[in-house]
Every structure is written in structure tokens, then in C-alpha cells.
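Undergrad: Okay, so here is model04.txt, and as you'll see once you scroll down, it has compact mmCIF, C-alpha atoms and all ligand atoms.
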# COMPACT_ATOMS: atom_id res chain seq x y z
CA MET M 1079 0.00 0.00 0.00
CA VAL M 1080 1.10 3.60 -0.63
CA GLY M 1081 2.06 5.63 2.44
CA ILE M 1082 1.42 9.32 3.06
CA LEU M 1083 3.58 11.91 4.78
CA VAL M 1084 2.12 15.25 5.83
CA VAL M 1085 4.79 17.96 6.17
CA SER M 1086 3.70 21.14 7.92
CA HIS M 1087 5.43 24.07 9.61
CA SER M 1088 3.62 23.09 12.78
CA ALA M 1089 3.88 19.78 14.63
CA GLU M 1090 0.31 20.23 15.93
CA ALA M 1091 -1.04 20.87 12.44
CA ALA M 1092 0.73 17.79 11.06
CA ARG M 1093 -0.56 15.63 13.89
CA GLY M 1094 -4.13 16.94 13.53
CA ILE M 1095 -4.23 16.50 9.77
CA VAL M 1096 -2.89 12.94 10.07
CA ALA M 1097 -5.57 12.19 12.67
CA ILE M 1098 -8.38 13.55 10.47
CA ALA M 1099 -7.12 11.72 7.37
CA GLY M 1100 -6.51 8.48 9.27
CA GLN M 1101 -10.04 8.39 10.62
CA MET M 1102 -11.41 7.88 7.10
CA ALA M 1103 -8.68 5.64 5.77
CA GLY M 1104 -8.74 3.04 8.51
CA ASP M 1105 -5.73 1.31 10.01
CA GLY M 1106 -4.17 -0.11 6.86
CA VAL M 1107 -2.72 3.06 5.35
CA PRO M 1108 0.81 3.97 6.50
CA LEU M 1109 0.43 7.62 7.54
CA ASP M 1110 2.83 9.95 9.27
CA GLY M 1111 3.19 13.65 9.97
CA CYS M 1112 6.18 15.82 10.39
CA GLY M 1113 6.20 19.44 11.55
CA GLY M 1114 8.25 22.14 13.21
CA THR M 1115 11.97 22.65 13.69
CA ASP M 1116 14.15 20.29 15.71
CA GLU M 1117 13.86 22.78 18.57
CA GLY M 1118 10.08 22.59 18.56
CA GLY M 1119 9.39 25.95 16.89
CA LEU M 1120 7.46 26.65 13.70
CA GLY M 1121 9.43 25.61 10.64
CA THR M 1122 10.73 22.54 8.87
CA SER M 1123 13.48 20.03 9.53
CA VAL M 1124 15.15 18.16 6.67
CA PRO M 1125 16.52 15.35 8.91
CA ALA M 1126 13.08 14.80 10.45
CA ILE M 1127 11.53 14.52 6.97
CA VAL M 1128 14.26 12.10 5.86
CA ALA M 1129 13.59 9.91 8.91
CA ALA M 1130 9.83 10.00 8.41
CA ILE M 1131 10.11 9.07 4.71
CA GLU M 1132 12.45 6.19 5.55
CA GLY M 1133 10.11 5.00 8.29
CA LEU M 1134 7.15 4.98 5.89
CA LEU M 1135 9.12 3.35 3.04
CA ALA M 1136 9.88 0.45 5.36
CA ARG M 1137 6.16 -0.33 5.60
CA SER M 1138 4.76 0.78 2.24
CA ASP M 1139 5.19 0.51 -1.53
CA GLY M 1140 6.03 4.20 -1.87
CA VAL M 1141 5.40 7.54 -0.20
CA VAL M 1142 3.38 10.58 -1.25
CA VAL M 1143 4.66 13.67 0.55
CA ILE M 1144 2.15 16.49 1.05
CA PRO M 1145 3.85 19.76 2.11
CA ASP M 1146 2.03 22.85 3.37
CA LEU M 1147 4.05 25.74 1.84
CA GLY M 1148 7.41 27.38 1.23
CA SER M 1149 10.23 25.65 3.02
CA ALA M 1150 8.12 22.51 3.52
CA VAL M 1151 8.37 22.04 -0.25
CA LEU M 1152 12.08 22.87 -0.37
CA ALA M 1153 12.87 20.69 2.64
CA ALA M 1154 10.87 17.79 1.17
CA ARG M 1155 12.75 18.11 -2.14
CA THR M 1156 16.05 18.18 -0.29
CA ALA M 1157 15.08 15.23 1.91
CA MET M 1158 14.19 13.18 -1.17
CA GLU M 1159 17.78 13.46 -2.38
CA LEU M 1160 19.13 12.37 0.98
CA VAL M 1161 16.89 9.35 1.49
CA ASP M 1162 18.81 6.15 1.07
CA SER M 1163 16.38 4.45 -1.28
CA ASP M 1164 14.90 4.35 -4.75
CA ILE M 1165 13.89 7.96 -5.47
CA GLY M 1166 11.13 6.66 -7.78
CA LYS M 1167 9.21 5.56 -4.71
CA ILE M 1168 8.74 9.10 -3.42
CA VAL M 1169 6.45 11.75 -4.92
CA ILE M 1170 5.83 15.28 -3.66
CA ALA M 1171 2.22 16.18 -4.29
CA ASP M 1172 0.82 19.66 -4.85
CA GLY M 1173 -2.56 20.38 -3.30
CA PRO M 1174 -4.43 21.59 -0.23
CA ILE M 1175 -2.83 19.84 2.70
CA LEU M 1176 -5.88 18.77 4.72
CA GLU M 1177 -8.27 17.80 1.92
CA GLY M 1178 -5.35 16.38 -0.06
CA ALA M 1179 -4.20 14.17 2.82
CA LEU M 1180 -7.74 12.98 3.40
CA MET M 1181 -8.46 12.10 -0.22
CA ALA M 1182 -5.01 10.54 -0.66
CA SER M 1183 -5.54 8.32 2.38
CA VAL M 1184 -8.87 7.07 1.09
CA GLU M 1185 -7.34 6.43 -2.35
CA ALA M 1186 -4.38 4.59 -0.81
CA SER M 1187 -6.71 2.47 1.30
CA ILE M 1188 -8.34 1.05 -1.84
CA GLY M 1189 -4.93 0.05 -3.16
CA ALA M 1190 -4.25 2.83 -5.69
CA ASP M 1191 -0.68 3.23 -6.94
CA LEU M 1192 1.78 6.01 -6.12
CA ASP M 1193 0.97 8.26 -9.08
CA ARG M 1194 -2.78 7.95 -8.59
CA VAL M 1195 -2.54 8.79 -4.89
CA ALA M 1196 -0.40 11.83 -5.71
CA GLN M 1197 -2.89 12.84 -8.39
CA VAL M 1198 -5.89 12.97 -6.06
CA VAL M 1199 -4.00 15.43 -3.83
CA GLY M 1200 -4.11 17.83 -6.79
CA GLU M 1201 -7.76 17.01 -7.45
CA ALA M 1202 -8.59 17.98 -3.88
CA ARG M 1203 -8.09 21.56 -5.07
CA ASP M 1204 -11.42 21.35 -6.87
CA LEU M 1205 -13.45 20.18 -3.88
CA ARG M 1206 -16.30 22.59 -3.17
CA LYS M 1207 -17.65 23.01 0.32
CA LEU M 1208 -20.35 25.64 -0.05
CA GLN M 1209 -22.21 24.45 -3.14
CA ASP M 1210 -25.00 21.94 -3.47
CA MET O 510 46.39 35.37 -3.61
CA THR O 511 44.16 32.31 -3.16
CA LEU O 512 41.58 31.20 -0.63
CA ASP O 513 43.06 28.26 1.27
CA VAL O 514 41.50 25.96 3.87
CA GLN O 515 42.52 28.14 6.83
CA GLY O 516 41.24 31.20 4.99
CA MET O 517 37.93 29.50 4.29
CA LEU O 518 37.51 28.37 7.90
CA LYS O 519 38.25 31.88 9.08
CA ALA O 520 35.80 33.35 6.56
CA ILE O 521 32.97 31.00 7.59
CA ASP O 522 33.59 31.89 11.22
CA ALA O 523 33.49 35.59 10.34
CA ILE O 524 30.25 35.06 8.38
CA GLY O 525 28.74 33.50 11.52
CA GLU O 526 29.80 36.55 13.48
CA THR O 527 28.34 38.96 10.91
CA LEU O 528 25.02 37.13 10.85
CA GLU O 529 24.92 37.20 14.64
CA MET O 530 25.52 40.96 14.56
CA HIS O 531 22.78 41.42 11.96
CA LYS O 532 20.32 38.94 13.43
CA ASP O 533 17.77 41.55 14.49
CA TYR O 534 18.15 43.49 11.25
CA LEU O 535 17.46 40.41 9.10
CA THR O 536 14.53 39.42 11.27
CA GLU O 537 13.14 42.95 11.02
CA LEU O 538 13.34 42.80 7.21
CA ASP O 539 11.58 39.41 7.35
CA SER O 540 8.88 40.75 9.66
CA ALA O 541 7.86 43.28 6.98
CA ILE O 542 7.28 40.68 4.23
CA GLY O 543 7.67 37.27 5.87
CA ASP O 544 7.38 35.44 9.16
CA ALA O 545 10.05 37.34 11.09
CA ASP O 546 12.53 34.52 11.43
CA HIS O 547 15.27 34.95 8.80
CA GLY O 548 17.83 36.38 11.24
CA ILE O 549 16.97 33.73 13.81
CA ASN O 550 17.15 30.97 11.18
CA MET O 551 20.51 32.08 9.74
CA ASN O 552 21.95 32.59 13.16
CA ARG O 553 20.85 29.18 14.38
CA GLY O 554 22.35 27.58 11.26
CA PHE O 555 25.70 29.33 11.38
CA HIS O 556 26.01 28.78 15.11
CA LYS O 557 25.77 25.04 14.39
CA VAL O 558 28.20 25.42 11.49
CA ARG O 559 30.81 27.10 13.68
CA GLU O 560 30.42 24.32 16.26
CA LYS O 561 30.84 21.67 13.57
CA LEU O 562 33.88 23.27 11.92
CA SER O 563 35.69 23.97 15.18
CA ALA O 564 35.42 20.28 16.08
CA GLY O 565 36.94 19.06 12.79
CA THR O 566 40.26 19.05 10.98
CA TYR O 567 40.19 19.87 7.31
CA VAL O 568 42.69 19.50 4.51
CA ASP O 569 40.52 20.37 1.52
CA LEU O 570 38.00 23.06 0.69
CA GLY O 571 35.40 20.56 -0.45
CA ALA O 572 35.23 18.93 2.97
CA VAL O 573 34.80 22.30 4.73
CA LEU O 574 31.99 23.42 2.44
CA LYS O 575 30.28 20.03 2.56
CA ASP O 576 30.05 20.27 6.34
CA VAL O 577 28.77 23.84 6.04
CA GLY O 578 26.10 22.77 3.56
CA MET O 579 24.91 19.68 5.43
CA THR O 580 24.76 21.57 8.72
CA LEU O 581 22.75 24.46 7.23
CA MET O 582 20.37 22.03 5.54
CA SER O 583 19.66 20.29 8.82
CA SER O 584 19.47 23.19 11.22
CA VAL O 585 18.18 26.43 9.69
CA GLY O 586 14.48 25.52 9.83
CA GLY O 587 13.23 27.84 7.06
CA ALA O 588 13.54 28.13 3.29
CA ALA O 589 17.07 29.49 3.66
CA GLY O 590 18.22 26.12 5.07
CA PRO O 591 17.72 23.92 2.00
CA LEU O 592 18.67 26.85 -0.28
CA TYR O 593 21.97 27.89 1.32
CA GLY O 594 22.60 24.23 2.22
CA THR O 595 22.39 23.32 -1.46
CA PHE O 596 24.55 26.32 -2.39
CA PHE O 597 27.43 25.19 -0.17
CA MET O 598 26.99 21.49 -1.05
CA ARG O 599 27.21 22.27 -4.77
CA MET O 600 30.25 24.48 -4.18
CA SER O 601 31.88 21.68 -2.20
CA MET O 602 31.56 19.32 -5.15
CA LYS O 603 33.41 21.78 -7.42
CA LEU O 604 36.13 22.41 -4.83
CA ALA O 605 36.56 18.80 -3.69
CA GLY O 606 40.21 17.85 -3.32
CA LEU O 607 41.42 21.45 -3.67
CA GLN O 608 43.62 22.98 -0.99
CA ALA O 609 43.10 26.49 -2.29
CA ALA O 610 40.79 28.31 -4.69
CA ASP O 611 41.78 31.04 -7.12
CA THR O 612 39.42 33.46 -8.85
CA SER O 613 38.44 31.03 -11.54
CA SER O 614 37.75 28.03 -9.30
CA LEU O 615 35.77 30.18 -6.85
CA ALA O 616 33.75 31.65 -9.73
CA GLU O 617 32.99 28.18 -11.07
CA ALA O 618 32.05 26.87 -7.65
CA MET O 619 29.73 29.78 -6.91
CA GLU O 620 28.10 29.46 -10.30
CA GLU O 621 27.44 25.80 -9.52
CA GLY O 622 26.04 26.78 -6.12
CA LEU O 623 23.70 29.30 -7.71
CA LYS O 624 22.50 26.66 -10.17
CA GLY O 625 21.67 24.44 -7.19
CA ILE O 626 19.60 27.20 -5.56
CA VAL O 627 17.69 27.82 -8.78
CA ALA O 628 17.11 24.09 -9.41
CA LEU O 629 15.68 23.70 -5.90
CA GLY O 630 13.71 26.92 -5.44
CA LYS O 631 12.86 27.66 -9.11
CA ALA O 632 13.23 31.41 -8.58
CA GLN O 633 13.92 33.64 -11.55
CA LEU O 634 15.55 37.04 -11.57
CA GLU O 635 13.32 39.74 -10.05
CA ASP O 636 11.24 37.24 -8.06
CA LYS O 637 12.57 39.15 -5.02
CA THR O 638 14.80 36.46 -3.53
CA MET O 639 18.44 35.76 -2.69
CA VAL O 640 18.85 34.85 -6.38
CA ASP O 641 18.62 38.59 -7.20
CA ALA O 642 21.78 39.27 -5.16
CA LEU O 643 23.66 36.08 -5.99
CA THR O 644 23.20 36.09 -9.76
CA PRO O 645 24.91 39.46 -10.44
CA ALA O 646 27.62 38.53 -7.94
CA VAL O 647 28.39 35.31 -9.82
CA GLU O 648 28.30 37.18 -13.13
CA ALA O 649 30.78 39.75 -11.79
CA LEU O 650 33.04 37.01 -10.46
CA LYS O 651 33.05 35.21 -13.80
CA LYS O 652 33.78 38.41 -15.67
CA ALA O 653 36.64 39.28 -13.33
CA SER O 654 37.97 35.76 -13.68
CA GLY O 655 37.89 36.09 -17.46
CA ASN O 656 39.90 39.28 -17.17
CA GLY O 657 42.48 37.52 -15.05
CA ALA O 658 41.63 39.55 -11.94
CA ALA O 659 43.15 38.68 -8.56
CA LEU O 660 40.79 37.11 -6.03
CA ALA O 661 40.30 40.17 -3.81
CA ALA O 662 39.59 42.47 -6.75
CA ALA O 663 37.20 39.90 -8.24
CA LEU O 664 35.34 39.52 -4.95
CA GLU O 665 35.25 43.30 -4.61
CA SER O 666 33.27 43.50 -7.84
CA ALA O 667 31.07 40.58 -6.82
CA VAL O 668 30.19 42.25 -3.53
CA ALA O 669 29.33 45.53 -5.28
CA ALA O 670 27.09 43.60 -7.68
CA ALA O 671 25.41 41.71 -4.82
CA ARG O 672 24.77 44.98 -3.03
CA ALA O 673 23.16 46.53 -6.10
CA GLY O 674 21.09 43.36 -6.61
CA MET O 675 20.00 43.40 -2.98
CA GLU O 676 18.97 47.06 -3.11
CA ALA O 677 17.10 46.48 -6.35
CA THR O 678 14.81 43.95 -4.60
CA THR O 679 13.08 46.76 -2.68
CA PRO O 680 10.53 47.87 -5.31
CA LEU O 681 9.88 44.32 -6.54
CA VAL O 682 6.72 42.32 -5.93
CA ALA O 683 7.68 38.89 -4.56
CA ARG O 684 6.90 35.87 -6.69
CA LYS O 685 8.61 33.20 -4.58
CA GLY O 686 8.71 32.36 -0.90
CA ARG O 687 6.47 33.55 1.87
CA ALA O 688 6.52 37.17 0.71
CA SER O 689 4.68 36.10 -2.47
CA TYR O 690 1.56 35.56 -0.36
CA LEU O 691 1.50 39.32 0.25
CA GLY O 692 1.24 40.14 -3.45
CA GLU O 693 1.61 43.87 -4.17
CA ARG O 694 2.12 44.59 -0.48
CA SER O 695 5.56 42.97 -0.68
CA ALA O 696 6.83 45.94 -2.74
CA GLY O 697 8.76 48.64 -0.88
CA HIS O 698 10.75 46.29 1.33
CA GLN O 699 14.23 44.84 0.81
CA ASP O 700 14.33 41.04 0.59
CA PRO O 701 15.83 39.38 3.69
CA GLY O 702 17.45 36.52 1.77
CA ALA O 703 19.10 38.87 -0.73
CA THR O 704 20.38 40.81 2.27
CA SER O 705 21.91 37.75 3.95
CA THR O 706 23.54 36.82 0.63
CA TYR O 707 25.14 40.26 0.45
CA LEU O 708 26.29 39.98 4.08
CA ILE O 709 27.84 36.55 3.44
CA LEU O 710 29.76 37.71 0.36
CA SER O 711 30.93 40.99 1.86
CA THR O 712 32.19 39.17 4.96
CA LEU O 713 34.06 36.67 2.79
CA LEU O 714 35.79 39.62 1.15
CA THR O 715 36.68 41.41 4.41
CA SER O 716 37.94 38.21 5.94
CA LEU O 717 40.12 37.52 2.90
CA LYS O 718 41.56 41.03 2.91
CA GLU O 719 42.44 40.80 6.60
CA ARG O 720 44.60 37.78 5.91
CA VAL O 721 47.04 39.48 3.57
N1 LIG A 1 11.96 29.50 -3.85
C1 LIG A 1 12.93 30.32 -3.45
N2 LIG A 1 14.04 30.52 -4.21
C2 LIG A 1 15.04 31.34 -3.80
N3 LIG A 1 15.02 32.01 -2.64
C3 LIG A 1 13.93 31.85 -1.85
C4 LIG A 1 12.85 31.00 -2.20
N4 LIG A 1 11.94 31.04 -1.19
C5 LIG A 1 12.45 31.88 -0.26
N5 LIG A 1 13.64 32.36 -0.65
C6 LIG A 1 14.53 33.27 0.10
O1 LIG A 1 14.49 32.92 1.46
C7 LIG A 1 14.30 34.07 2.25
C8 LIG A 1 13.50 33.74 3.50
O2 LIG A 1 14.25 32.84 4.27
P1 LIG A 1 13.70 32.32 5.67
O3 LIG A 1 14.80 31.59 6.32
O4 LIG A 1 13.07 33.44 6.41
O5 LIG A 1 12.63 31.26 5.23
P2 LIG A 1 11.05 31.36 5.33
O6 LIG A 1 10.56 32.05 4.13
O7 LIG A 1 10.65 31.90 6.64
O8 LIG A 1 10.73 29.84 5.24
P3 LIG A 1 9.31 29.19 5.41
O9 LIG A 1 8.92 28.75 4.04
O10 LIG A 1 9.57 28.05 6.32
O11 LIG A 1 8.40 30.19 5.99
C9 LIG A 1 13.60 35.05 1.35
O12 LIG A 1 13.87 36.38 1.72
C10 LIG A 1 14.12 34.72 -0.04
O13 LIG A 1 15.28 35.46 -0.35
MG MG A 2 11.14 33.74 7.24
In C-alpha cells, write the structure found in this file.

TA:
Amino acid sequence: MVGILVVSHSAEAARGIVAIAGQMAGDGVPLDGCGGTDEGGLGTSVPAIVAAIEGLLARSDGVVVIPDLGSAVLAARTAMELVDSDIGKIVIADGPILEGALMASVEASIGADLDRVAQVVGEARDLRKLQD
Amino acid sequence: MTLDVQGMLKAIDAIGETLEMHKDYLTELDSAIGDADHGINMNRGFHKVREKLSAGTYVDLGAVLKDVGMTLMSSVGGAAGPLYGTFFMRMSMKLAGLQAADTSSLAEAMEEGLKGIVALGKAQLEDKTMVDALTPAVEALKKASGNGAALAAALESAVAAARAGMEATTPLVARKGRASYLGERSAGHQDPGATSTYLILSTLLTSLKERV
């Protein structure tokens, strides 16, 4: 199954988003969140992202990384280069972090492949909340 | 004159000192168009760098710059971490095995570093980022190298170019980084990352001049 890594500037945000996404996906989907600097402040940590990707790769067929903004994207790109594994098993997806993580988890839970799971993160951009 | 391993170690230490002195200034610039942490981020990173370098022994420039790059990547905490980390890592690859750099090898290494920053962050000129200070500096260094200029004179022109590039970020509307979320409101403020780039290059020059 494809795993999902949420990368936020905030540890609380990452944890909360993983909890919300996990509730719909059930127990099978490897999910993890990563947020904040090594000192616990707001920001991103390349080593923490490397470790989280490696942890997920060990129990999945590939990892979709969903960053929030700015340095989360740059740190995820940098981490990808440092991970000691096949780089083809990691994809950084571009989409809204909460809805994207939720839709990706559901997609992963039905056995979709890496590219498809990454794709639905982008599709989450079109979700409408205030229309019938 | 060349930049040898001792000279590089001394320059990196001096850069750490400069960034410490300008911590509040950089953070103030970042509070106008960002999240008010650039000075804190750079200072945290270079503090770790100075710790790392003082604990090691180095015989080649590549090894020094590799440690600088890896340490910045892991400790800065903001966009500047991966960006400057990549800059120094790419430089280290060009200078691997070298005990000293002359104008031409430094120009080549910095050009490679700049390419790394652009490949990672995808910023173009006038996006209001560090690239706006670093690009003219690298151009000036290459030109000076082509003219056979000595290292100090070449760096002198690079620093002047970086300064002009930094100042020219003020009227720009940001198209990359956090400041881009402000849209038009980002105009009228100097970019923090372009400013730290200028500070890094100008300190490299001063440190080099003090050694002769
Ligand atoms: N994509 C990019 N390409 C080049 N430079 C960039 C890019 N994004 C940001 N920068 C530079 O980084 C500087 C900000 O660095 P800083 O350490 O404050 O990161 P940050 O923007 O706070 O990171 P974060 O994304 O975590 O909020 C900017 O002033 C700009 O020069
Ligand atoms: Mg900032």
C-alpha cells in the first residue's frame, strides 16, 4: 500500500491533519506527519523529513509527501535526495494539505498506486464546500 | 592570492559573526514581508556550522563546504536552510580535493552553487529572492575571472554587484517564498534573503583582505 507523509510548519497541524485523514482511511494506510523545527518551533526540519520518509518506506510501496508551503516544499525536495532508497518511490504532491491528505488516504486504502494517490492530492483543489 | 583551507575556515567563522551581529536586522526585514525569522534561522544555522567546523580538521575546501552545507540544511528551519545548504553542497563538489581556490575556481564553484539554488527553489531574476543578489555577484566574479583579476579584486566587484542586486529587490513584488503571499504589499521592502547573501559575500571579502 502507498504511504502518506504530511509535512507542515507546525507539529500540531501535522498531527491533527494525520488524525483527520486516518479516521477515514482506517488502520491499513501507512500515515505519518512531520512538523516544526528540531527545537520545537514553527518551521521545517530536513533530517526529520528524511527519517519520516524512511520509516514509511519500510512499511509501504512508496510515499506521497504532502507539504504545506514554502520551506516545507524545499525541505521535502532536499530530503528526497538524501533518502537512502529508490527515489522513484517518493512523490511530492501539490494540493491543499488537509483535503489532499484525506483524499489521498482514502485512495491509498483502496490500493491505488503512487501516481494515482499523488494525483488525487491535486484534485482535492477542486473540492467545493459551499455548493450543493 | 588564493583562498586556502585556513582562509575559508576563518571566513565561515566571520560570516557566523556577521550574521549574529545582523540577526535583528534580518529578522526585522523578514517581519515586513515574511514570518520574522530569517535572522533567527541564519543565526541558528551558522552557530551550528561554527560548532561543527571547530570540532573538525580539514585538509581540503570541499570537505569544509560540505560540512557547512549539510549543517545548514539540517538546522536552519526555514527556506534558507535547504537553499543555502544546497549552495554550499554544490560548491563543495566543485572544490573537492582542492587545498586552495583562485578566482576562476571560486567563480565556477559559486556558479554551480547558484545553479543548485535555482534548481531547488525555481526562482527567476526579479522574483525578489536571494537569487537577485547572488546572480549578479556570480556574473561579476566570472567576468573578473575572465579578465584575469586577482581574487580580492574579483570579490570586490562581486560584492558591489550583490549589493546593487539586494537594493534592487526593494521595489519588486515577490513571486517566490512567503513574501509572495503578500502580493503587491511585498513591494517597498528589501528582501531578507538577498540581504543575507550580500552579508555573506561581503564578509568573505573582508575576511580575505584581513589575511594578507
Ligand atoms: N523559492 C525560493 N528561491 C530562492 N530564494 C527563496 C525562495 N523562497 C524563499 N527564498 C529566500 O528565502 C528568504 C527567506 O528565508 P527564511 O529563512 O526566512 O525562510 P522562510 O521564508 O521563513 O521559510 P518558510 O517557508 O519556512 O516560511 C527570502 O527572503 C528569499 O530570499
Ligand atoms: Mg522567514

Undergrad: For range 1093-1108 of chain M, list every protein, DNA or RNA residue within 9 Å, evaluated using only C-alpha atoms, and leave out those in the same chain fewer than 6 positions away; present the list as JSON, numbers by chain.

TA: {"M": [1079, 1080, 1081, 1082, 1083, 1084, 1134, 1137, 1138, 1141, 1175, 1176, 1177, 1178, 1179, 1180, 1181, 1182, 1183, 1184, 1185, 1186, 1187, 1188]}

Undergrad: Give me a file of those residues, with C-alpha atoms, as a PDB file, in the frame of the given file.

TA:
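The resulting file, again.pdb, is shown below:
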ATOM      1  CA  MET M1079       0.000   0.000   0.000  1.00  0.00           C
ATOM      2  CA  VAL M1080       1.100   3.600  -0.630  1.00  0.00           C
ATOM      3  CA  GLY M1081       2.060   5.630   2.440  1.00  0.00           C
ATOM      4  CA  ILE M1082       1.420   9.320   3.060  1.00  0.00           C
ATOM      5  CA  LEU M1083       3.580  11.910   4.780  1.00  0.00           C
ATOM      6  CA  VAL M1084       2.120  15.250   5.830  1.00  0.00           C
ATOM      7  CA  LEU M1134       7.150   4.980   5.890  1.00  0.00           C
ATOM      8  CA  ARG M1137       6.160  -0.330   5.600  1.00  0.00           C
ATOM      9  CA  SER M1138       4.760   0.780   2.240  1.00  0.00           C
ATOM     10  CA  VAL M1141       5.400   7.540  -0.200  1.00  0.00           C
ATOM     11  CA  ILE M1175      -2.830  19.840   2.700  1.00  0.00           C
ATOM     12  CA  LEU M1176      -5.880  18.770   4.720  1.00  0.00           C
ATOM     13  CA  GLU M1177      -8.270  17.800   1.920  1.00  0.00           C
ATOM     14  CA  GLY M1178      -5.350  16.380  -0.060  1.00  0.00           C
ATOM     15  CA  ALA M1179      -4.200  14.170   2.820  1.00  0.00           C
ATOM     16  CA  LEU M1180      -7.740  12.980   3.400  1.00  0.00           C
ATOM     17  CA  MET M1181      -8.460  12.100  -0.220  1.00  0.00           C
ATOM     18  CA  ALA M1182      -5.010  10.540  -0.660  1.00  0.00           C
ATOM     19  CA  SER M1183      -5.540   8.320   2.380  1.00  0.00           C
ATOM     20  CA  VAL M1184      -8.870   7.070   1.090  1.00  0.00           C
ATOM     21  CA  GLU M1185      -7.340   6.430  -2.350  1.00  0.00           C
ATOM     22  CA  ALA M1186      -4.380   4.590  -0.810  1.00  0.00           C
ATOM     23  CA  SER M1187      -6.710   2.470   1.300  1.00  0.00           C
ATOM     24  CA  ILE M1188      -8.340   1.050  -1.840  1.00  0.00           C
TER      25      ILE M1188
END

Undergrad: Which of these, M:Leu1192, M:Ile1165, M:Val1199, M:Ala1154, has the shortest distance to ligand LIG 1 (chain A) once you count only C-alpha atoms and all ligand atoms?

TA: M:Ala1154

Undergrad: Taking all atoms listed in the file into account, what are the residues of chain M at most 8 Å from chain O, put as a list in words?

TA: Gly1114, Thr1115, Asp1116, Gly1121, Thr1122, Ser1123, Val1124, Pro1125, Gly1148, Ser1149, Ala1150, Leu1152, Ala1153, Arg1155 and Thr1156 of chain M

Undergrad: Which protein, DNA or RNA residues have an atom at most 8 Å from (11.9, 40.8, -9.1), counting only C-alpha atoms? List them as JSON, numbers by chain.

TA: {"O": [633, 634, 635, 636, 637, 638, 641, 678, 681, 682, 683, 684]}

Undergrad: Smallest atom-to-atom distance to Ala1089 in chain M: which of M:Leu1120, M:Val1161, M:Leu1135, M:Ala1190, using all atoms listed in the file?

TA: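 Once distances to Ala1089 in chain M are computed over all atoms listed in the file, the minimum belongs to M:Leu1120.
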
Undergrad: Of the residues O:Pro645, O:Gly565, O:Pro701, O:Gly692, which is the one nearest to ligand MG 2 (chain A), using only C-alpha atoms and all ligand atoms?

TA: O:Pro701

Undergrad: Identify, on the basis of only C-alpha atoms, every residue whose closest approach to Met675 in chain O does not exceed 8 Å; exclude the query and any residue fewer than 6 positions from it along the same chain; express the result as a list in words.

TA: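 Using only C-alpha atoms, the neighbours found are Met639, Asp641, Ala642, Gln699, Asp700, Ala703, Thr704 and Tyr707 of chain O.
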
Undergrad: Which residue, O:Ser705, O:Ser563, O:Thr511, O:Thr679, has the smallest gap to ligand MG 2 (chain A) when you use all atoms listed in the file?

TA: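 With all atoms listed in the file as the atom set, the closest residue is O:Ser705.
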
Undergrad: Name the closest residue to ligand LIG 1 (chain A) among the candidates O:Leu574, O:Glu537, O:Leu562, O:Lys718; distances are taken between atoms, counting all atoms listed in the file.

TA: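 Of O:Leu574, O:Glu537, O:Leu562, O:Lys718, the one nearest ligand LIG 1 (chain A) is O:Glu537, counting all atoms listed in the file.
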
Undergrad: Show which residues sit within 7 Å of Met551 in chain O, as a PyMOL selection string. Count only C-alpha atoms, and ignore same-chain residues fewer than 3 positions away.

TA: chain O and resi 528+547-548+554-555+585

Undergrad: Just give me the gap between CA of Val1142 in chain M and CA of Met1158 in chain M in Å, one decimal is fine.

TA: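 CA of Met1158 in chain M lies at a distance of 11.1 Å from CA of Val1142 in chain M.
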
Undergrad: Would you kindly return, as number ranges by chain, each protein, DNA or RNA residue with an atom no farther than 7 Å from any atom of Met619 in chain O, considering only C-alpha atoms and excluding same-chain residues fewer than 4 positions away?

TA: O: 600, 615, 623, 647

Undergrad: Given only C-alpha atoms and all ligand atoms as the basis, pick out the residue of M:Gly1133, M:Pro1174, M:Gly1119, M:Gly1140 nearest to ligand LIG 1 (chain A).

TA: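 Looking at the shortest contact to ligand LIG 1 (chain A), the residue is M:Gly1119.
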
Undergrad: Please report the interatomic distance between CA of Gly1111 in chain M and CA of Ala1092 in chain M in Å with one decimal.

TA: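 Atom-to-atom, CA of Gly1111 in chain M and CA of Ala1092 in chain M are spaced 4.9 Å apart.
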
Undergrad: Would you work out the distance separating CA of Ile549 in chain O from CA of Lys532 in chain O, expressed in Å to one decimal?

TA: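 So the answer is 6.2 Å.
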
Undergrad: Counting all atoms listed in the file, find residues at most 9 Å from (41.6, 42.7, -3.2) (file frame) and give them as a ChimeraX atom specification.

TA: /O:510,659-665,714,717-718

Undergrad: Could you write out the selected residues, including C-alpha atoms, as a PDB file, keeping the file's coordinate frame?

TA:
ATOM      1  CA  MET O 510      46.390  35.370  -3.610  1.00  0.00           C
ATOM      2  CA  ALA O 659      43.150  38.680  -8.560  1.00  0.00           C
ATOM      3  CA  LEU O 660      40.790  37.110  -6.030  1.00  0.00           C
ATOM      4  CA  ALA O 661      40.300  40.170  -3.810  1.00  0.00           C
ATOM      5  CA  ALA O 662      39.590  42.470  -6.750  1.00  0.00           C
ATOM      6  CA  ALA O 663      37.200  39.900  -8.240  1.00  0.00           C
ATOM      7  CA  LEU O 664      35.340  39.520  -4.950  1.00  0.00           C
ATOM      8  CA  GLU O 665      35.250  43.300  -4.610  1.00  0.00           C
ATOM      9  CA  LEU O 714      35.790  39.620   1.150  1.00  0.00           C
ATOM     10  CA  LEU O 717      40.120  37.520   2.900  1.00  0.00           C
ATOM     11  CA  LYS O 718      41.560  41.030   2.910  1.00  0.00           C
TER      12      LYS O 718
END

Undergrad: Write out as a PyMOL selection string each polymer residue whose atoms come within 8 Å of Ala1171 in chain M, counting only C-alpha atoms; drop sequence neighbours fewer than 2 positions from it.

TA: chain M and resi 1142-1145+1169+1173+1196-1197+1199-1200
